[in-house]
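Student: Sharing model_3.csv below, CSV, C-alpha atoms:
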```csv
chain,number,residue,atom,x,y,z
G,6,MET,CA,150.2,-101.6,43.8
G,7,ILE,CA,148.7,-104.8,42.4
G,8,GLU,CA,145.5,-103.0,41.7
G,9,ARG,CA,147.3,-100.2,39.9
G,10,ALA,CA,149.4,-102.6,37.8
G,11,SER,CA,146.2,-104.6,37.0
G,12,ARG,CA,144.9,-101.6,35.1
G,13,PHE,CA,147.6,-102.1,32.5
G,14,PHE,CA,148.2,-105.8,32.5
G,15,PRO,CA,147.0,-109.0,34.3
G,16,VAL,CA,149.2,-109.6,37.3
G,17,ALA,CA,150.2,-113.2,37.3
G,18,THR,CA,152.6,-113.3,40.3
G,19,VAL,CA,154.1,-111.1,43.0
G,20,GLN,CA,157.4,-111.6,44.8
G,21,ASN,CA,157.7,-110.3,48.3
G,22,ARG,CA,159.7,-111.3,51.4
G,23,PHE,CA,157.7,-113.7,53.5
G,24,ASN,CA,158.5,-116.5,55.9
G,25,LEU,CA,157.6,-117.8,59.4
G,26,VAL,CA,159.0,-114.7,61.1
G,27,ASP,CA,158.6,-112.0,58.5
G,28,ARG,CA,154.9,-111.3,58.0
G,29,LYS,CA,155.1,-107.8,56.6
G,30,SER,CA,153.5,-109.0,53.3
G,31,GLU,CA,150.8,-111.1,54.9
G,32,ASP,CA,148.1,-108.7,53.6
G,33,VAL,CA,149.5,-109.0,50.1
G,34,LEU,CA,149.5,-112.8,50.4
G,35,ASP,CA,145.9,-112.7,51.5
G,36,TYR,CA,145.0,-110.4,48.6
G,37,CYS,CA,146.8,-112.8,46.1
G,38,THR,CA,145.1,-115.9,47.6
G,39,GLU,CA,141.7,-114.3,47.2
G,40,ARG,CA,142.4,-113.4,43.6
G,41,ASN,CA,144.4,-116.5,42.6
G,42,ILE,CA,147.6,-114.5,41.9
G,43,GLY,CA,150.8,-116.4,42.4
G,44,PHE,CA,152.8,-115.3,45.5
G,45,MET,CA,156.6,-116.1,45.3
G,46,PRO,CA,158.2,-115.4,48.7
G,47,TRP,CA,161.8,-114.7,48.8
G,48,ALA,CA,163.9,-115.5,51.9
G,49,PRO,CA,161.4,-118.3,52.7
G,50,LEU,CA,163.8,-120.1,55.0
G,51,ALA,CA,164.7,-117.1,57.3
G,52,ALA,CA,163.4,-118.7,60.4
G,53,GLY,CA,166.0,-117.1,62.7
G,54,SER,CA,165.4,-118.0,66.3
G,55,LEU,CA,162.6,-120.4,65.4
G,56,ALA,CA,165.3,-122.8,64.2
G,57,ARG,CA,166.9,-123.1,67.7
G,58,SER,CA,166.7,-126.3,69.6
G,59,GLY,CA,163.4,-126.8,71.5
G,60,THR,CA,161.2,-124.5,69.3
G,61,VAL,CA,158.1,-125.8,67.6
G,62,LEU,CA,159.9,-125.8,64.3
G,63,ASP,CA,162.8,-127.8,65.7
G,64,THR,CA,160.4,-130.2,67.5
G,65,ILE,CA,158.3,-130.9,64.4
G,66,ALA,CA,161.5,-131.4,62.3
G,67,LYS,CA,162.9,-133.9,64.7
G,68,GLU,CA,159.6,-135.8,65.1
G,69,ARG,CA,159.3,-136.1,61.3
G,70,GLU,CA,163.1,-136.7,60.8
G,71,VAL,CA,163.4,-133.8,58.3
G,72,SER,CA,165.2,-130.5,58.4
G,73,ALA,CA,163.8,-127.3,60.0
G,74,GLY,CA,164.1,-125.7,56.5
G,75,GLN,CA,161.9,-128.4,55.0
G,76,VAL,CA,159.3,-127.8,57.7
G,77,ALA,CA,159.4,-124.1,57.1
G,78,LEU,CA,158.9,-124.6,53.4
G,79,ALA,CA,156.1,-127.1,54.1
G,80,TRP,CA,154.4,-124.5,56.3
G,81,LEU,CA,154.6,-121.9,53.5
G,82,LEU,CA,153.1,-124.4,51.0
G,83,HIS,CA,150.3,-125.1,53.4
G,84,ARG,CA,149.7,-121.4,54.1
G,85,SER,CA,148.2,-120.6,50.6
G,86,PRO,CA,147.5,-122.5,47.4
G,87,VAL,CA,149.1,-119.7,45.4
G,88,MET,CA,152.4,-119.9,47.3
G,89,LEU,CA,155.6,-120.8,45.3
G,90,PRO,CA,158.6,-120.4,47.6
G,91,ILE,CA,162.0,-119.6,46.0
G,92,PRO,CA,164.6,-120.8,48.4
G,93,GLY,CA,168.2,-120.3,47.5
G,94,THR,CA,170.2,-123.4,46.8
G,95,GLY,CA,173.9,-124.0,46.7
G,96,SER,CA,174.1,-127.4,45.3
G,97,PRO,CA,171.9,-130.1,43.6
G,98,SER,CA,171.6,-132.0,46.9
G,99,HIS,CA,170.4,-128.8,48.7
G,100,LEU,CA,167.8,-128.3,45.9
G,101,GLU,CA,166.6,-131.9,46.4
G,102,ASP,CA,166.3,-131.3,50.2
G,103,ASN,CA,164.2,-128.2,49.5
G,104,MET,CA,162.0,-130.1,47.0
G,105,ARG,CA,161.3,-132.8,49.6
G,106,ALA,CA,159.3,-130.2,51.6
G,107,ALA,CA,156.5,-130.5,49.0
G,108,ALA,CA,155.9,-134.1,50.3
G,109,ILE,CA,155.5,-133.0,53.9
G,110,SER,CA,151.9,-132.7,54.9
G,111,LEU,CA,151.6,-130.8,58.1
G,112,ASN,CA,148.5,-131.3,60.2
G,113,ALA,CA,146.3,-128.4,61.4
G,114,ASP,CA,147.8,-128.4,64.9
G,115,GLU,CA,151.4,-128.2,63.6
G,116,CYS,CA,150.5,-125.4,61.2
G,117,ALA,CA,148.8,-123.5,63.9
G,118,ALA,CA,151.7,-123.9,66.3
G,119,LEU,CA,154.2,-122.8,63.7
G,120,ASP,CA,152.1,-119.9,62.7
G,121,ARG,CA,151.6,-118.8,66.4
G,122,GLN,CA,155.3,-119.0,67.2
G,123,GLY,CA,156.4,-117.3,64.0
G,124,ARG,CA,153.8,-114.5,64.6
G,125,GLU,CA,155.0,-114.0,68.1
G,126,VAL,CA,158.6,-113.5,66.9
G,127,TRP,CA,157.4,-111.2,64.1
G,128,GLU,CA,155.4,-109.1,66.5
G,129,LYS,CA,158.3,-108.7,68.9
G,130,ALA,CA,160.7,-107.7,66.1
G,131,ASP,CA,158.2,-105.3,64.5
G,132,LYS,CA,158.0,-103.1,67.6
```
Please render this file's structure as structure tokens.
Tutor:
Amino acid sequence: MIERASRFFPVATVQNRFNLVDRKSEDVLDYCTERNIGFMPWAPLAAGSLARSGTVLDTIAKEREVSAGQVALAWLLHRSPVMLPIPGTGSPSHLEDNMRAAAISLNADECAALDRQGREVWEKADK
């Protein structure tokens, strides 16, 4: 669809559902990353069972003394340089909490563990 649209206008961004446990648009994200097209995932905080106690997401959040949502957003920002998550916010303080995710620098091991656990959940749900 992006290629078809590009015949009529330059595509600047796309908006698809994408998060730790919903990888349906991963190929679209990869396409956008390769072509420097902005990718705006909606429902970026839908971590579901990954937010339970004892998961990789929960462990990283506790170790860093931040929320699981902030770690999930940090993972998205690390996933691609064209990523611009659009989490819903209900208050100015919630917006500020979400914005703090940009300051979280996950290391390669954390990103890989989050990716692996999120992908496992996605693959089970996709069957």
Student: Just the number, please: distance in Å from atom CA of Arg84 of chain G to atom CA of Ala66 of chain G, one decimal.
Tutor: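 Between these atoms lies a distance of 17.5 Å.
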Student: Please return as a PyMOL selection string every residue within 12 Å of (149.4, -126.2, 42.3), taking into account all atoms listed in the file and the file's own coordinates.
Tutor: chain G and resi 41-44+82-83+85-89+107
Student: Taking (164.0, -120.2, 55.3) in the file's own coordinates, collect the residues within 9 Å, counting all atoms listed in the file, and hand them back as a PyMOL selection string.
Tutor: chain G and resi 24-25+47-53+73-75+77-78+92-93
Student: Here is a test: counting only C-alpha atoms, which residue of G:Asn103, G:Pro46, G:Val16, G:Val126 is nearest to Ser30 of chain G?
Tutor: G:Pro46
Student: Quote the spacing between atom CA of Ala108 of chain G and atom CA of Arg69 of chain G in Å to one decimal place.
Tutor: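 Interatomic distance here is 11.7 Å.
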Student: Quick one: distance from atom CA of Cys37 of chain G to atom CA of Asp102 of chain G in Å, one decimal?
Tutor: 27.2 Å
Student: So which one's closest to Gln20 of chain G, G:Cys116, G:Arg105, G:Pro90, G:Gly59? Using all atoms listed in the file, please.
Tutor: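 When distances to Gln20 of chain G are compared using all atoms listed in the file, the smallest one comes from G:Pro90.
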Student: Name the residues in contact with Glu128 of chain G at a cut-off of 12 Å, using all atoms listed in the file, excluding same-chain residues fewer than 3 positions from it; report them as a list in words.
Tutor: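 Once the nearby chain positions are removed, what remains is Leu25, Val26, Asp27, Arg28, Lys29, Asp120, Arg121, Gln122, Gly123, Arg124, Glu125, Asp131 and Lys132 of chain G.
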Student: Find the residue from G:Ser110, G:Ser11, G:Thr18, G:Thr94 that sits nearest to Leu34 of chain G; use all atoms listed in the file when measuring.
Tutor: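 Using all atoms listed in the file, the shortest distance to Leu34 of chain G belongs to G:Thr18.
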Student: Applying 9 Å and all atoms listed in the file, which residues near Val33 of chain G remain after dropping the ones on its own chain fewer than 6 positions away? List them as a ChimeraX atom specification.
Tutor: /G:7,19,21,44
Student: Looking at G:Ala79, G:Arg9, G:Trp127, G:Glu39, which one is nearest to Leu55 of chain G, with distances taken over all atoms listed in the file?
Tutor: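 Ranked by minimum distance to Leu55 of chain G, first place goes to G:Trp127.
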Student: Just the residues within 7 Å of Val61 of chain G, please, counting all atoms listed in the file, with nothing from its chain fewer than 2 positions along; format it as a list in words.
Tutor: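 Counting only the stated atoms, we get Gly59, Asp63, Thr64, Ile65, Ala118 and Leu119 of chain G.
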Student: Return segment 105-116 of chain G, completed with all heavy atoms, as a short mmCIF file (atom, residue, chain, number, x, y, z; two decimals), in the coordinates of the input.
Tutor:
```
data_model
loop_
_atom_site.label_atom_id
_atom_site.label_comp_id
_atom_site.auth_asym_id
_atom_site.auth_seq_id
_atom_site.Cartn_x
_atom_site.Cartn_y
_atom_site.Cartn_z
N ARG G 105 161.92 -131.82 48.77
CA ARG G 105 161.30 -132.80 49.60
C ARG G 105 160.21 -132.17 50.52
O ARG G 105 159.31 -132.83 51.03
CB ARG G 105 162.28 -133.57 50.45
CG ARG G 105 163.07 -134.58 49.63
CD ARG G 105 163.96 -135.46 50.53
NE ARG G 105 164.90 -136.16 49.71
CZ ARG G 105 166.16 -135.78 49.47
NH1 ARG G 105 166.63 -134.68 50.05
NH2 ARG G 105 166.95 -136.48 48.71
N ALA G 106 160.30 -130.87 50.74
CA ALA G 106 159.30 -130.20 51.60
C ALA G 106 157.91 -130.29 50.99
O ALA G 106 156.93 -130.29 51.74
CB ALA G 106 159.71 -128.71 51.73
N ALA G 107 157.81 -130.39 49.68
CA ALA G 107 156.50 -130.50 49.00
C ALA G 107 155.76 -131.77 49.44
O ALA G 107 154.53 -131.83 49.37
CB ALA G 107 156.65 -130.42 47.52
N ALA G 108 156.49 -132.78 49.88
CA ALA G 108 155.90 -134.10 50.30
C ALA G 108 155.48 -134.08 51.75
O ALA G 108 154.86 -135.04 52.21
CB ALA G 108 156.83 -135.21 49.97
N ILE G 109 155.83 -133.04 52.50
CA ILE G 109 155.50 -133.00 53.90
C ILE G 109 154.11 -132.41 54.09
O ILE G 109 153.84 -131.29 53.68
CB ILE G 109 156.53 -132.15 54.70
CG1 ILE G 109 157.92 -132.77 54.58
CG2 ILE G 109 156.11 -132.01 56.17
CD1 ILE G 109 159.03 -131.90 55.15
N SER G 110 153.24 -133.18 54.69
CA SER G 110 151.90 -132.70 54.90
C SER G 110 151.71 -132.43 56.41
O SER G 110 151.54 -133.34 57.22
CB SER G 110 150.88 -133.82 54.47
OG SER G 110 149.57 -133.39 54.67
N LEU G 111 151.79 -131.17 56.75
CA LEU G 111 151.60 -130.80 58.10
C LEU G 111 150.17 -130.83 58.54
O LEU G 111 149.29 -130.52 57.73
CB LEU G 111 152.14 -129.33 58.33
CG LEU G 111 153.62 -129.08 58.02
CD1 LEU G 111 153.92 -127.59 58.06
CD2 LEU G 111 154.50 -129.84 59.00
N ASN G 112 149.91 -131.24 59.78
CA ASN G 112 148.50 -131.30 60.20
C ASN G 112 148.13 -129.87 60.73
O ASN G 112 148.97 -128.98 60.88
CB ASN G 112 148.28 -132.36 61.26
CG ASN G 112 149.05 -132.15 62.55
OD1 ASN G 112 149.09 -131.05 63.10
ND2 ASN G 112 149.66 -133.22 63.05
N ALA G 113 146.85 -129.70 61.01
CA ALA G 113 146.30 -128.40 61.40
C ALA G 113 146.98 -127.89 62.70
O ALA G 113 147.28 -126.70 62.83
CB ALA G 113 144.82 -128.44 61.55
N ASP G 114 147.21 -128.79 63.65
CA ASP G 114 147.80 -128.40 64.90
C ASP G 114 149.26 -127.91 64.70
O ASP G 114 149.70 -126.92 65.30
CB ASP G 114 147.81 -129.53 65.92
CG ASP G 114 146.41 -129.84 66.43
OD1 ASP G 114 145.53 -128.95 66.35
OD2 ASP G 114 146.19 -130.97 66.92
N GLU G 115 150.01 -128.62 63.86
CA GLU G 115 151.40 -128.20 63.60
C GLU G 115 151.42 -126.86 62.88
O GLU G 115 152.21 -125.99 63.24
CB GLU G 115 152.07 -129.27 62.69
CG GLU G 115 152.33 -130.58 63.39
CD GLU G 115 152.77 -131.67 62.44
OE1 GLU G 115 152.29 -131.72 61.28
OE2 GLU G 115 153.61 -132.50 62.86
N CYS G 116 150.55 -126.68 61.89
CA CYS G 116 150.50 -125.40 61.20
C CYS G 116 150.14 -124.26 62.12
O CYS G 116 150.76 -123.18 62.07
CB CYS G 116 149.50 -125.46 60.02
SG CYS G 116 150.09 -126.43 58.63
#
```
